[in-house]
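Following: one structure in structure tokens, then a few remarks.
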Amino acid sequence: MHPEVHDWLASHDLEPTGPIETVHARPWSTVLRVPTAEGALFLKQEEPVQEYEVPLTVALASRWPDRVPEVVAADLERSWLLTRDGGVRIADSGAFDAFPRALELYGELQVGEVEHVEEFLAMGLRDLRLPAVVELYEPFFERDHGLEPDEVAKLVALAPRFRELCAELEALGLPASIQHDDLHQWNVFVRGERVALYDWGDSSVGFPLWSWLKPLLALDDPEPARAAYVAAWMQFASEHELRRALELAIPTGLFPYVLQIRRQYDATQAHADYGSYLPQRLRQLLLELSRADT
């Protein structure tokens, strides 16, 4: 089983000590567990929809080895990424007190990666910076996304308010950077003292603080994580301005998140949950924009 994988591992002087197991096989990637004498390794085999995750992770690991997956080997032609065991997901351990540290590390990474935006776009990450997202808003609703006609009409009517909120974020002057877009409790791993951010396959280049959406949904008390996250950005704006930006990151950031959901669904057509998940998130967008319009 997996003869091609065995040959590739051997080319990197790696010998499995037991059977290679499939952790999951999804329309966007397959992950294999490879037991070795030095511990388990994980081979992620990307599908075209997120093949950029391989060069992206390699690049991030070269600059931030303490907080992203530890890359053992990569094959850019095959879109294969071999990494070390990250430890335990905080969703499984319940160690949510690691989230503030994760956001502190992530904010520092984002600030440091501002200068690499063009590199990310060349890798194939989607350009979801504020001007691009504003232009995509109204045309998006020309397609059927599982909403009722009156819901679509309300979202279109809220386009001016969406533009106003995005303009407020633009005026803040934060530079665009890498935007993980899926920074939830299943992608934060802890191994001893090491806290690392995994699964960069949904990443884009965008307004950086849109990453706050998933941590906010995950945390009962978001304040420690909020304070940790804004710390890295205080060289660009005041704490008050950054906290306001995190408020606006919800009604504005839900839309680029939906854009990524739509992109993945269009590319795979294979995830049954999308039939309900996409309109669910659009209804959340409608709710948040309506609140922000009052």
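Ordering of the structure tokens sets the chain letters (A, B, ...), residue numbers begin anew at 1 in every chain, and ligands are numbered from 1 in the order given.
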Could you make a table, as a tab-separated table, of the residues of stretch 110-227 of chain A that have an atom within 7 Å of an atom of stretch 84-94 of chain A, each with its nearest atom pair and distance in Å to one decimal, counting only C-alpha atoms, in chain and number order?
```
residue	atom	partner	partner_atom	distance
A:Gln185	CA	A:Ala91	CA	4.9
A:Trp186	CA	A:Ala91	CA	5.4
A:Asn187	CA	A:Arg89	CA	6.6
A:Val188	CA	A:Arg89	CA	5.6
A:Phe189	CA	A:Arg89	CA	4.4
A:Val190	CA	A:Gly87	CA	5.3
A:Arg191	CA	A:Gly87	CA	4.3
```
query: Per DSSP on the backbone, what are the strand (DSSP E) residues of stretch 27-120 of chain A, as an NGL selection string?
result: :A and (29-34 or 41-46 or 71-75 or 80-84 or 88-89)
DSSP helix (DSSP H, G or I) residues within stretch 20-106 of chain A, listed as a list of chain:residue names: A:Pro48, A:Val49, A:Gln50, A:Glu53, A:Val54, A:Pro55, A:Leu56, A:Thr57, A:Val58, A:Ala59, A:Leu60, A:Ala61, A:Ser62, A:Arg63, A:Ile90, A:Ala91, A:Asp92, A:Ser93, A:Phe96, A:Asp97, A:Ala98, A:Phe99, A:Pro100, A:Arg101, A:Ala102, A:Leu103, A:Glu104, A:Leu105, A:Tyr106
- request: Would you mind listing what lies within 8 Å of A:Val34 as a PyMOL selection string, with only C-alpha atoms counted and same-chain residues fewer than 2 positions away left out?
  value: chain A and resi 16+18-21+32+36+40-43
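Near stretch 49-52 of chain A, within 9 Å and counting only C-alpha atoms, sit Pro27, Trp28, Ser29, Leu76, Arg78, Ser79, Trp80, Phe120, Met123, Gly124, Leu125, Trp200, Gly201, Asp202, Ser203, Arg263, Gln264, Ala267 and Thr268 of chain A, not including residues fewer than 6 positions from it in the same chain.
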message: Can you measure atom CA of A:Gly206 to atom CA of A:Asp97 for me? One decimal in Å is fine.
response: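 Distance between the two atoms: 27.2 Å.
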message: Using only C-alpha atoms, can you tell me which of A:Arg244, A:Arg163, A:His145, A:Arg194 comes closest to A:Gly275?
response: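 Ranked by minimum distance to A:Gly275, first place goes to A:His145.
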Counting only C-alpha atoms, the residue of A:Ala37, A:Gln179, A:Leu165, A:His2 that sits nearest A:Thr22: A:His2
Atom pair atom CA of A:Leu254 / atom CA of A:Glu170: separation (Å):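 So the answer is 16.5 Å.
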For A:Arg226, list every protein, DNA or RNA residue within 10 Å, evaluated using only C-alpha atoms, and leave out those in the same chain fewer than 6 positions away; present the list as an mmCIF file with N, CA and C atoms, in the first residue's frame.
```cif
data_model
loop_
_atom_site.group_PDB
_atom_site.id
_atom_site.type_symbol
_atom_site.label_atom_id
_atom_site.label_comp_id
_atom_site.auth_asym_id
_atom_site.auth_seq_id
_atom_site.Cartn_x
_atom_site.Cartn_y
_atom_site.Cartn_z
ATOM 1 N N PHE A 99 -4.947 29.774 23.575
ATOM 2 C CA PHE A 99 -5.379 30.625 22.470
ATOM 3 C C PHE A 99 -4.750 32.020 22.506
ATOM 4 N N PRO A 100 -4.671 32.682 23.663
ATOM 5 C CA PRO A 100 -4.004 33.992 23.655
ATOM 6 C C PRO A 100 -2.567 33.919 23.148
ATOM 7 N N LEU A 103 -2.652 33.590 19.392
ATOM 8 C CA LEU A 103 -2.964 34.857 18.715
ATOM 9 C C LEU A 103 -1.804 35.836 18.792
ATOM 10 N N GLU A 104 -1.058 35.818 19.883
ATOM 11 C CA GLU A 104 0.127 36.666 19.992
ATOM 12 C C GLU A 104 1.161 36.267 18.936
ATOM 13 N N TRP A 212 -9.779 37.310 13.179
ATOM 14 C CA TRP A 212 -10.394 37.301 14.501
ATOM 15 C C TRP A 212 -11.726 36.551 14.509
ATOM 16 N N PRO A 215 -11.502 32.742 16.156
ATOM 17 C CA PRO A 215 -11.262 32.724 17.605
ATOM 18 C C PRO A 215 -12.439 33.279 18.410
ATOM 19 N N LEU A 216 -13.067 34.334 17.927
ATOM 20 C CA LEU A 216 -14.198 34.911 18.645
ATOM 21 C C LEU A 216 -15.316 33.893 18.808
ATOM 22 N N LEU A 242 -7.648 49.597 17.151
ATOM 23 C CA LEU A 242 -7.550 48.174 16.821
ATOM 24 C C LEU A 242 -8.736 47.392 17.381
ATOM 25 N N ARG A 243 -9.183 47.756 18.549
ATOM 26 C CA ARG A 243 -10.348 47.080 19.113
ATOM 27 C C ARG A 243 -11.601 47.399 18.287
ATOM 28 N N LEU A 246 -11.458 45.160 15.313
ATOM 29 C CA LEU A 246 -11.889 43.794 15.597
ATOM 30 C C LEU A 246 -13.413 43.693 15.633
#
```
